[in-house]
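Only one structure is covered here, and it is reproduced in the block below.
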Amino acid sequence: MTASTNTATSGWPVSRVAKFDAMKEDESLEIPSYGIVIIGAGVSGLYQLYKSREIGVSALVLESGTDVGGTWYWNRYPGARFDSESYSYGYSFSQELLDEWDWQERFSAQPENLRYLQHVSNRFSLSEDIRFESIVTECIFDETCDEWEVHVEDGFRVRCRFLVTAIGILSKPLIPDFEGMDDFKGPSFHTARWPHDEVTFEGKRVGVIGTGATAVQLIQEVAKTSKQLTIFQRSPNWCAPLHNSPIESTEMADIRSRYDDIFERCRNSFSGFIHDSDRRRALEVSPEEREALYEELYASPGFGIWIGNFRDVLVDEQANATLTDFIAQKIRERVADPKLAEKLIPTDHGFGTRRVPMESGYYEVYNQENVLLVDLNETPIEKITTDGIQCSDREHPFDLIVYATGFDAVMGPFNSINFRGLNGRTLAGKWEAGPRTYLGLATAGFPNMFTLVGPHNASTFCNMPRCIEQNVEWVSTFIEQLFSSDIRRVDVEFEAEDDWTEHVHESAERMLFSKVDSWFMGVNKNIAGRDARTFMLYVGGLPRYTELCDEVARDSYRGFVTS
Ligand code: NAP
């Protein structure tokens, strides 16, 4: 085992302990070379770096931002916060981390979440092996030596035996192509590219386009101080109360004493949350019993109303209708104007069949004098003007426009990088008709490449860090074995990939998600050709996914072919 600290050819310091494949320090080498290159320094990339060091493989992270944090670095809009209970979101791998970090709120806000990830990075000196402001443009597999060559926009290049993508699924923001966008004379930005300097709404006329989970969080904050807030809604979403609250020190001490149980509970729950479905079916209990659970969950913190509900509400349309009616009634009770309430109630999908935005007074915002809802189905946006937004009936003047228009989800981050595998084949080309993967972690024809939180992976429908830890640990154990067996190339068998892809589709078909257009289904109305439903996520549940991954590992990594 060698320990070293040096300065690589590009001038940033590198320190690591490398057992298998030390970074090549020869100054005469044109391109530095590592055991692993990780793309992204968010929750998954940071842990992959930590684990790479633990298994003794040299690793470098390439991160496009100026700091660690991923999602929590980019999404700085006011109101951004966890929908997961904070204490179930933090990493579980380090006792020291669990001991020293106190969560302040049940659903922690973005500034604290970013501080937490910075703390993790500092705690383990991770940034020493992270190259910031590094936008990866191209990754090419060199068949002559079984290495990836990774290209960064600024001209930097690096080679590695294994390439691990930790690029997230909601990291490529999408602003629709409205006519005249550049003409607007005030500031305008996407929520995921929020300025680092403070943005105030006080006394301003603000336009927000979109009503997804992001917009719902932001709107509640803008409504507090803006002179006029106008919300442009194309489709309403079913939202549910978050019920956030502070965590006092005595409660934090209690949580700390229960961490083992909390993480065990997450591991055994369908989607890695502390919530798991009620074993009863909505249609087998009396209407009073049904209503009682709905009321209890609506009054309880977090995602319980969505994923801790009767076991049939996300698979049976009739059962789902009982919950949908209940939530619709709640909206009617909370919005004073009955006509406005109806506009906020979705009619094209049932509750929970798309991602449920969590709210803290969202519906009450619409009772405020300074808030206006524009239904884009009645008066579509025609263009952005120098002064605001021109709809088919009138112009709305603004001081600030916010695009809360979502992401090119799942595929966007992968399509932003030119991945070239065997025979120069591109990943974008291979996945043109939808992703094909093995375990959502690898894809045939792209050897030595692992996709953390990739398509078809349980992480995409999960309390992310819980699934991320599973992904990273599985991949790291595999890489360690490959290094110790001196295996230079690992690829996926096409048959294994076909079977997994079919399994992903089968497990989705029984869920109501698959009957509705959403980013879960790869549908994006802003992108030409993205209107066919193809399931992007693995919805067989975390316990089943973990079991299947472990089974593959036990069976000598069945489905992978090595050379
Ligand atoms: P989103 O759910 O895709 O919502 C985008 C919104 O913009 C939708 O209301 C969409 O309307 C609207 N929109 C898009 N293009 C438009 C156009 N051309 N004209 C008018 N409206 C347009 O994106 P998001 O709200 O950013 O959320 C994405 C995901 O991020 C969520 O599903 C969630 O998984 C994650 N998220 C998580 C948290 C958290 O954990 N705390 C918070 C926020 C977001 P249509 O529906 O009609 O397309």
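Chain labels A, B, ... are given in the sequence in which chains occur in the structure tokens; within each chain residues are numbered consecutively from 1, and ligands are likewise numbered from 1 in the order shown.
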Inset, instruction - Select the residues contacting ligand 1 at a distance of at most 7 Å, based on only C-alpha atoms and all ligand atoms, then format the selection as a ChimeraX atom specification. - result: /A:80-84,170,176,209-215,232-236,355,376,404-407,519,524-526
Legend entry - Per-residue DSSP, segment 53-157 of chain A, filtered to strand (DSSP E or B), as a VMD selection string: chain A and resid 57 59 to 62 81 105 109 130 to 131 136 to 142 147 to 152 157
Go ahead and save the residues from that selection, with N, CA, C and O atoms, as a compact mmCIF listing (two decimals), in the first residue's frame.
```txt
# COMPACT_ATOMS: atom_id res chain seq x y z
N VAL A 57 -8.17 2.30 -4.16
CA VAL A 57 -8.03 2.63 -5.58
C VAL A 57 -7.94 4.14 -5.73
O VAL A 57 -8.74 4.87 -5.14
N ALA A 59 -8.57 7.72 -7.06
CA ALA A 59 -9.79 8.23 -7.68
C ALA A 59 -9.75 9.73 -7.81
O ALA A 59 -9.18 10.43 -6.97
N LEU A 60 -10.36 10.20 -8.86
CA LEU A 60 -10.50 11.64 -9.08
C LEU A 60 -11.96 11.92 -9.40
O LEU A 60 -12.57 11.20 -10.19
N VAL A 61 -12.49 12.98 -8.78
CA VAL A 61 -13.86 13.40 -9.10
C VAL A 61 -13.79 14.64 -9.98
O VAL A 61 -13.02 15.56 -9.71
N LEU A 62 -14.59 14.65 -11.03
CA LEU A 62 -14.73 15.84 -11.87
C LEU A 62 -16.10 16.44 -11.60
O LEU A 62 -17.12 15.76 -11.76
N ARG A 81 -36.04 22.41 0.05
CA ARG A 81 -35.75 21.62 1.26
C ARG A 81 -36.03 20.14 0.99
O ARG A 81 -36.65 19.79 -0.01
N GLU A 105 -33.94 20.77 11.50
CA GLU A 105 -35.36 20.70 11.14
C GLU A 105 -35.69 19.30 10.64
O GLU A 105 -34.85 18.63 10.05
N ALA A 109 -33.63 22.56 5.18
CA ALA A 109 -33.62 23.43 4.00
C ALA A 109 -32.27 23.40 3.30
O ALA A 109 -31.25 23.00 3.87
N ILE A 130 -10.97 16.27 -5.76
CA ILE A 130 -12.05 16.75 -6.64
C ILE A 130 -11.51 17.89 -7.48
O ILE A 130 -10.90 18.82 -6.96
N ARG A 131 -11.72 17.81 -8.77
CA ARG A 131 -11.37 18.93 -9.65
C ARG A 131 -12.68 19.66 -9.97
O ARG A 131 -13.56 19.11 -10.64
N VAL A 136 -17.54 17.79 -17.89
CA VAL A 136 -17.12 16.65 -18.73
C VAL A 136 -17.91 16.69 -20.03
O VAL A 136 -19.14 16.80 -20.03
N THR A 137 -17.19 16.62 -21.13
CA THR A 137 -17.85 16.69 -22.44
C THR A 137 -17.88 15.34 -23.13
O THR A 137 -18.81 15.03 -23.87
N GLU A 138 -16.84 14.54 -22.90
CA GLU A 138 -16.68 13.32 -23.69
C GLU A 138 -15.97 12.25 -22.87
O GLU A 138 -15.01 12.56 -22.16
N CYS A 139 -16.41 11.01 -23.00
CA CYS A 139 -15.72 9.87 -22.35
C CYS A 139 -15.59 8.80 -23.42
O CYS A 139 -16.60 8.32 -23.95
N ILE A 140 -14.35 8.44 -23.72
CA ILE A 140 -14.13 7.50 -24.83
C ILE A 140 -13.42 6.25 -24.30
O ILE A 140 -12.38 6.36 -23.63
N PHE A 141 -13.98 5.08 -24.59
CA PHE A 141 -13.34 3.84 -24.14
C PHE A 141 -12.26 3.45 -25.13
O PHE A 141 -12.51 3.32 -26.33
N ASP A 142 -11.05 3.29 -24.60
CA ASP A 142 -9.91 2.93 -25.44
C ASP A 142 -9.75 1.40 -25.38
O ASP A 142 -9.30 0.84 -24.38
N GLU A 147 -9.10 1.29 -21.07
CA GLU A 147 -9.18 2.47 -20.20
C GLU A 147 -10.15 3.47 -20.80
O GLU A 147 -10.31 3.53 -22.02
N TRP A 148 -10.74 4.27 -19.93
CA TRP A 148 -11.55 5.40 -20.41
C TRP A 148 -10.68 6.64 -20.47
O TRP A 148 -9.83 6.85 -19.59
N GLU A 149 -10.93 7.43 -21.50
CA GLU A 149 -10.29 8.74 -21.54
C GLU A 149 -11.42 9.78 -21.40
O GLU A 149 -12.40 9.75 -22.15
N VAL A 150 -11.25 10.64 -20.41
CA VAL A 150 -12.32 11.58 -20.08
C VAL A 150 -11.87 12.99 -20.44
O VAL A 150 -10.77 13.41 -20.06
N HIS A 151 -12.71 13.70 -21.17
CA HIS A 151 -12.36 15.04 -21.63
C HIS A 151 -13.21 16.08 -20.90
O HIS A 151 -14.42 15.93 -20.77
N VAL A 152 -12.54 17.14 -20.46
CA VAL A 152 -13.22 18.24 -19.77
C VAL A 152 -13.24 19.44 -20.71
O VAL A 152 -12.32 19.60 -21.53
N ARG A 157 -7.61 16.48 -19.68
CA ARG A 157 -7.95 15.08 -19.99
C ARG A 157 -7.42 14.18 -18.89
O ARG A 157 -6.38 14.48 -18.29
```
Legend entry - Gap from atom CA of Asp99 of chain A to atom CA of Pro543 of chain A - Å, one decimal: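 About the pair atom CA of Asp99 of chain A and atom CA of Pro543 of chain A: they are 26.6 Å apart.
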Quick one: contact table of segment 413-457 of chain A to segment 544-556 of chain A, 12 Å max, nearest atom pair and distance in Å to one decimal per residue, counting only C-alpha atoms, chain and number order, as JSON lines?
```
{"residue": "A:Tyr438", "atom": "CA", "partner": "A:Cys549", "partner_atom": "CA", "distance": 9.9}
{"residue": "A:Leu439", "atom": "CA", "partner": "A:Cys549", "partner_atom": "CA", "distance": 7.0}
{"residue": "A:Gly440", "atom": "CA", "partner": "A:Tyr545", "partner_atom": "CA", "distance": 10.0}
{"residue": "A:Leu441", "atom": "CA", "partner": "A:Cys549", "partner_atom": "CA", "distance": 9.7}
{"residue": "A:Ala442", "atom": "CA", "partner": "A:Cys549", "partner_atom": "CA", "distance": 12.0}
{"residue": "A:His456", "atom": "CA", "partner": "A:Tyr545", "partner_atom": "CA", "distance": 10.4}
{"residue": "A:Asn457", "atom": "CA", "partner": "A:Tyr545", "partner_atom": "CA", "distance": 8.2}
```
Take the residues from that selection and put them in a file with C-alpha atoms, as a CSV table (one decimal), in the first residue's frame.
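part.csv written:
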```
chain,number,residue,atom,x,y,z
A,438,TYR,CA,-28.3,-4.3,-16.3
A,439,LEU,CA,-29.3,-3.6,-12.7
A,440,GLY,CA,-29.5,0.1,-13.6
A,441,LEU,CA,-25.8,0.1,-13.0
A,442,ALA,CA,-24.2,-0.9,-16.3
A,456,HIS,CA,-33.6,1.4,-14.2
A,457,ASN,CA,-32.0,1.7,-10.8
```
Inset, instruction - Might you pull out every residue within 8 Å of Thr165 of chain A, with only C-alpha atoms counted and same-chain residues fewer than 3 positions away left off, and present them as a ChimeraX atom specification? - result: /A:38-40,45,449-452
Inset, instruction - Using only C-alpha atoms, find the one residue out of A:Phe398, A:Phe513, A:Phe414, A:Phe560 that sits nearest to Lys185 of chain A. - result: A:Phe398
Legend entry - In segment 409-556 of chain A, DSSP alpha helix (DSSP H) residues written as a ChimeraX atom specification: /A:411-415,427-430,464-484,494-509,542-554
Inset, instruction - Please provide the set of residues having any atom within 8 Å of Trp103 of chain A, restricted to only C-alpha atoms, with same-chain residues fewer than 3 positions apart removed, written as an MDAnalysis selection string. - result: chainID A and resid 86:87 106 108 247 252
Legend entry - Distance query Gly540 of chain A at most 10 Å, only C-alpha atoms, self and fewer than 5 positions along chain excluded, as a PyMOL selection string: chain A and resi 270-271+457-458+461+503-508+511+545
Inset, instruction - Write out as a list in words each polymer residue whose atoms come within 9 Å of segment 381-386 of chain A, counting only C-alpha atoms; drop sequence neighbours fewer than 5 positions from it. - result: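 With the cut-off at 9 Å, the set is Phe178, Glu179, Gly180, Met181, Asp182, Asp183, Phe184, Lys185, Gly186, Phe232, Leu376, Cys391, Ser392, Glu395 and Pro397 of chain A.
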Using only C-alpha atoms, which residues sit within 9 Å of segment 302-309 of chain A once same-chain residues fewer than 5 positions away are excluded, as a short mmCIF file (atom, residue, chain, number, x, y, z; two decimals) with all heavy atoms, in the first residue's frame?
```
data_model
loop_
_atom_site.label_atom_id
_atom_site.label_comp_id
_atom_site.auth_asym_id
_atom_site.auth_seq_id
_atom_site.Cartn_x
_atom_site.Cartn_y
_atom_site.Cartn_z
N ASP A 83 -37.73 16.53 1.17
CA ASP A 83 -39.04 15.94 1.40
C ASP A 83 -38.87 14.65 2.20
O ASP A 83 -39.83 14.00 2.59
CB ASP A 83 -39.71 15.59 0.06
CG ASP A 83 -40.26 16.83 -0.62
OD1 ASP A 83 -40.46 17.85 0.07
OD2 ASP A 83 -40.49 16.78 -1.84
N SER A 84 -37.63 14.28 2.40
CA SER A 84 -37.29 13.11 3.24
C SER A 84 -37.04 13.64 4.64
O SER A 84 -36.50 14.75 4.78
CB SER A 84 -35.98 12.46 2.80
OG SER A 84 -35.94 12.24 1.43
N GLU A 85 -37.34 12.88 5.67
CA GLU A 85 -36.97 13.27 7.02
C GLU A 85 -35.45 13.43 7.02
O GLU A 85 -34.72 12.52 6.59
CB GLU A 85 -37.40 12.21 8.04
CG GLU A 85 -38.89 12.20 8.36
CD GLU A 85 -39.79 11.71 7.24
OE1 GLU A 85 -39.28 11.19 6.23
OE2 GLU A 85 -41.03 11.85 7.38
N PHE A 107 -37.46 18.54 8.11
CA PHE A 107 -37.21 18.54 6.67
C PHE A 107 -36.28 19.73 6.40
O PHE A 107 -36.74 20.87 6.26
CB PHE A 107 -38.52 18.64 5.88
CG PHE A 107 -39.46 17.51 6.21
CD1 PHE A 107 -40.47 17.68 7.14
CD2 PHE A 107 -39.31 16.27 5.61
CE1 PHE A 107 -41.31 16.63 7.48
CE2 PHE A 107 -40.15 15.21 5.93
CZ PHE A 107 -41.16 15.39 6.87
N ALA A 240 -49.35 17.66 -1.09
CA ALA A 240 -49.75 17.23 0.26
C ALA A 240 -48.91 17.96 1.30
O ALA A 240 -47.78 18.37 1.02
CB ALA A 240 -49.56 15.72 0.39
N PRO A 241 -49.46 18.14 2.52
CA PRO A 241 -48.74 18.93 3.53
C PRO A 241 -47.48 18.23 4.03
O PRO A 241 -47.47 17.02 4.26
CB PRO A 241 -49.76 19.04 4.68
CG PRO A 241 -51.05 18.57 4.15
CD PRO A 241 -50.78 17.67 2.99
N LEU A 242 -46.43 19.04 4.20
CA LEU A 242 -45.14 18.51 4.66
C LEU A 242 -45.09 18.39 6.18
O LEU A 242 -44.54 17.43 6.71
CB LEU A 242 -44.03 19.46 4.17
CG LEU A 242 -42.60 19.09 4.51
CD1 LEU A 242 -42.17 17.82 3.79
CD2 LEU A 242 -41.63 20.22 4.14
N HIS A 243 -45.66 19.38 6.87
CA HIS A 243 -45.62 19.45 8.34
C HIS A 243 -44.19 19.46 8.87
O HIS A 243 -43.79 18.58 9.65
CB HIS A 243 -46.40 18.29 8.98
CG HIS A 243 -47.86 18.28 8.64
ND1 HIS A 243 -48.72 19.29 9.03
CD2 HIS A 243 -48.62 17.40 7.94
CE1 HIS A 243 -49.94 19.03 8.57
NE2 HIS A 243 -49.91 17.89 7.90
N ASN A 244 -43.45 20.46 8.43
CA ASN A 244 -42.08 20.61 8.92
C ASN A 244 -42.11 21.15 10.36
O ASN A 244 -43.07 21.78 10.77
CB ASN A 244 -41.33 21.59 8.01
CG ASN A 244 -39.85 21.68 8.35
OD1 ASN A 244 -39.27 20.72 8.86
ND2 ASN A 244 -39.24 22.82 8.08
N PHE A 270 -40.18 -0.06 1.01
CA PHE A 270 -40.23 -0.16 -0.46
C PHE A 270 -39.33 0.87 -1.13
O PHE A 270 -38.62 0.56 -2.09
CB PHE A 270 -41.68 0.02 -0.92
CG PHE A 270 -41.89 -0.24 -2.38
CD1 PHE A 270 -42.03 -1.53 -2.85
CD2 PHE A 270 -41.92 0.80 -3.29
CE1 PHE A 270 -42.21 -1.78 -4.20
CE2 PHE A 270 -42.10 0.57 -4.64
CZ PHE A 270 -42.24 -0.73 -5.10
N SER A 271 -39.36 2.12 -0.64
CA SER A 271 -38.59 3.14 -1.34
C SER A 271 -37.58 3.86 -0.45
O SER A 271 -37.21 5.01 -0.73
CB SER A 271 -39.52 4.14 -2.01
OG SER A 271 -40.60 4.44 -1.18
N PHE A 273 -37.68 5.06 2.55
CA PHE A 273 -38.11 6.08 3.51
C PHE A 273 -38.48 5.41 4.84
O PHE A 273 -38.58 4.19 4.93
CB PHE A 273 -39.35 6.82 2.97
CG PHE A 273 -39.03 7.77 1.85
CD1 PHE A 273 -39.09 7.35 0.53
CD2 PHE A 273 -38.67 9.08 2.11
CE1 PHE A 273 -38.79 8.23 -0.51
CE2 PHE A 273 -38.38 9.96 1.09
CZ PHE A 273 -38.44 9.53 -0.23
N ILE A 274 -38.74 6.28 5.85
CA ILE A 274 -39.21 5.69 7.10
C ILE A 274 -40.68 5.26 6.95
O ILE A 274 -41.23 4.60 7.82
CB ILE A 274 -39.05 6.65 8.31
CG1 ILE A 274 -39.82 7.94 8.08
CG2 ILE A 274 -37.58 6.93 8.61
CD1 ILE A 274 -39.98 8.80 9.34
N HIS A 275 -41.31 5.67 5.86
CA HIS A 275 -42.72 5.32 5.63
C HIS A 275 -42.78 4.04 4.79
O HIS A 275 -42.04 3.91 3.82
CB HIS A 275 -43.43 6.43 4.85
CG HIS A 275 -43.18 7.79 5.40
ND1 HIS A 275 -43.87 8.28 6.49
CD2 HIS A 275 -42.32 8.78 5.04
CE1 HIS A 275 -43.44 9.50 6.75
NE2 HIS A 275 -42.49 9.82 5.90
N ASP A 276 -43.66 3.16 5.16
CA ASP A 276 -43.91 2.00 4.31
C ASP A 276 -45.40 1.76 4.27
O ASP A 276 -46.13 2.17 5.18
CB ASP A 276 -43.16 0.77 4.83
CG ASP A 276 -42.85 -0.20 3.69
OD1 ASP A 276 -43.19 0.11 2.53
OD2 ASP A 276 -42.28 -1.26 3.96
N SER A 277 -45.87 1.08 3.21
CA SER A 277 -47.31 1.02 3.01
C SER A 277 -48.02 0.24 4.11
O SER A 277 -47.45 -0.65 4.73
CB SER A 277 -47.63 0.43 1.64
OG SER A 277 -47.15 -0.88 1.60
N ASP A 278 -49.28 0.63 4.33
CA ASP A 278 -50.15 -0.05 5.27
C ASP A 278 -50.53 -1.39 4.61
O ASP A 278 -50.82 -1.43 3.42
CB ASP A 278 -51.40 0.84 5.46
CG ASP A 278 -52.26 0.39 6.61
OD1 ASP A 278 -52.79 -0.74 6.55
OD2 ASP A 278 -52.42 1.18 7.54
N ARG A 279 -50.49 -2.44 5.38
CA ARG A 279 -50.73 -3.77 4.78
C ARG A 279 -52.17 -3.97 4.30
O ARG A 279 -52.48 -4.86 3.54
CB ARG A 279 -50.38 -4.90 5.78
CG ARG A 279 -48.90 -5.04 6.13
CD ARG A 279 -48.06 -5.55 4.97
NE ARG A 279 -47.65 -4.51 4.05
CZ ARG A 279 -47.32 -4.69 2.78
NH1 ARG A 279 -47.38 -5.88 2.25
NH2 ARG A 279 -46.95 -3.71 2.01
N ARG A 280 -53.10 -3.10 4.78
CA ARG A 280 -54.50 -3.25 4.38
C ARG A 280 -54.72 -2.67 2.98
O ARG A 280 -53.93 -1.90 2.50
CB ARG A 280 -55.41 -2.51 5.37
CG ARG A 280 -55.40 -3.09 6.77
CD ARG A 280 -56.10 -2.16 7.73
NE ARG A 280 -55.38 -0.89 7.87
CZ ARG A 280 -55.89 0.19 8.45
NH1 ARG A 280 -57.12 0.18 8.93
NH2 ARG A 280 -55.18 1.31 8.55
N ARG A 281 -55.85 -3.07 2.39
CA ARG A 281 -56.23 -2.48 1.10
C ARG A 281 -57.35 -1.47 1.34
O ARG A 281 -58.26 -1.73 2.16
CB ARG A 281 -56.79 -3.57 0.16
CG ARG A 281 -55.77 -4.54 -0.32
CD ARG A 281 -56.45 -5.65 -1.12
NE ARG A 281 -55.58 -6.81 -1.23
CZ ARG A 281 -54.66 -6.95 -2.16
NH1 ARG A 281 -54.51 -6.03 -3.08
NH2 ARG A 281 -53.91 -8.03 -2.19
N ALA A 282 -57.31 -0.37 0.60
CA ALA A 282 -58.32 0.69 0.78
C ALA A 282 -59.72 0.15 0.54
O ALA A 282 -60.69 0.58 1.18
CB ALA A 282 -58.03 1.83 -0.19
N LEU A 293 -57.64 6.74 8.14
CA LEU A 293 -56.21 6.67 7.79
C LEU A 293 -55.82 7.87 6.92
O LEU A 293 -54.77 8.47 7.14
CB LEU A 293 -55.87 5.36 7.07
CG LEU A 293 -54.37 5.24 6.74
CD1 LEU A 293 -53.52 5.11 8.01
CD2 LEU A 293 -54.07 4.06 5.81
N TYR A 294 -56.69 8.23 5.98
CA TYR A 294 -56.37 9.38 5.13
C TYR A 294 -56.19 10.64 5.98
O TYR A 294 -55.25 11.41 5.77
CB TYR A 294 -57.45 9.60 4.07
CG TYR A 294 -57.54 8.52 3.00
CD1 TYR A 294 -58.67 8.40 2.19
CD2 TYR A 294 -56.50 7.61 2.81
CE1 TYR A 294 -58.75 7.42 1.21
CE2 TYR A 294 -56.58 6.63 1.84
CZ TYR A 294 -57.71 6.53 1.04
OH TYR A 294 -57.80 5.55 0.08
N GLU A 296 -55.42 10.82 9.14
CA GLU A 296 -54.22 10.69 9.98
C GLU A 296 -52.96 11.01 9.16
O GLU A 296 -52.09 11.77 9.60
CB GLU A 296 -54.15 9.25 10.51
CG GLU A 296 -53.00 9.00 11.46
CD GLU A 296 -52.82 7.50 11.73
OE1 GLU A 296 -53.83 6.77 11.82
OE2 GLU A 296 -51.65 7.07 11.82
N LEU A 297 -52.90 10.45 7.94
CA LEU A 297 -51.71 10.67 7.12
C LEU A 297 -51.62 12.10 6.62
O LEU A 297 -50.53 12.67 6.52
CB LEU A 297 -51.69 9.69 5.94
CG LEU A 297 -51.50 8.22 6.31
CD1 LEU A 297 -51.65 7.33 5.09
CD2 LEU A 297 -50.13 7.99 6.96
N LEU A 314 -51.71 2.79 -5.08
CA LEU A 314 -50.86 3.14 -6.23
C LEU A 314 -50.90 2.06 -7.32
O LEU A 314 -50.18 2.15 -8.32
CB LEU A 314 -49.41 3.40 -5.79
CG LEU A 314 -49.22 4.59 -4.83
CD1 LEU A 314 -47.76 4.75 -4.45
CD2 LEU A 314 -49.76 5.89 -5.43
N PHE A 351 -54.14 10.91 -7.48
CA PHE A 351 -53.14 11.31 -6.48
C PHE A 351 -52.02 10.25 -6.41
O PHE A 351 -52.27 9.05 -6.33
CB PHE A 351 -53.79 11.44 -5.10
CG PHE A 351 -52.81 11.82 -4.03
CD1 PHE A 351 -52.48 13.15 -3.81
CD2 PHE A 351 -52.18 10.85 -3.26
CE1 PHE A 351 -51.55 13.50 -2.84
CE2 PHE A 351 -51.25 11.19 -2.28
CZ PHE A 351 -50.93 12.53 -2.08
N GLY A 352 -50.77 10.75 -6.43
CA GLY A 352 -49.62 9.87 -6.22
C GLY A 352 -49.11 9.18 -7.46
O GLY A 352 -48.11 8.48 -7.40
N VAL A 356 -45.36 13.59 -5.93
CA VAL A 356 -46.22 14.47 -5.11
C VAL A 356 -45.38 15.62 -4.54
O VAL A 356 -44.48 15.40 -3.74
CB VAL A 356 -46.85 13.67 -3.94
CG1 VAL A 356 -47.66 14.60 -3.04
CG2 VAL A 356 -47.72 12.55 -4.48
N MET A 358 -44.54 18.45 -1.98
CA MET A 358 -44.92 18.64 -0.57
C MET A 358 -45.00 20.14 -0.30
O MET A 358 -44.20 20.91 -0.81
CB MET A 358 -43.88 17.97 0.33
CG MET A 358 -43.74 16.49 0.09
SD MET A 358 -45.30 15.58 0.21
CE MET A 358 -45.50 15.48 1.97
#
```
Legend entry - Among listed residues A:Trp101, A:Trp431, A:Trp500, A:Phe520, nearest Phe419 of chain A (using only C-alpha atoms):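 Smallest separation from Phe419 of chain A among the options: A:Trp431.
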Legend entry - Distance criterion (only C-alpha atoms): nearest to Lys430 of chain A out of A:Trp74, A:Met411, A:Gln481, A:Leu163: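 Of the candidates, the smallest distance to Lys430 of chain A is held by A:Met411.
Our summary of the geometry notes that atom CA of Phe446 of chain A is positioned 27.6 Å from atom CA of Leu126 of chain A.
Here atom CA of Pro195 of chain A stands at a distance of 29.0 Å from atom CA of Val37 of chain A.
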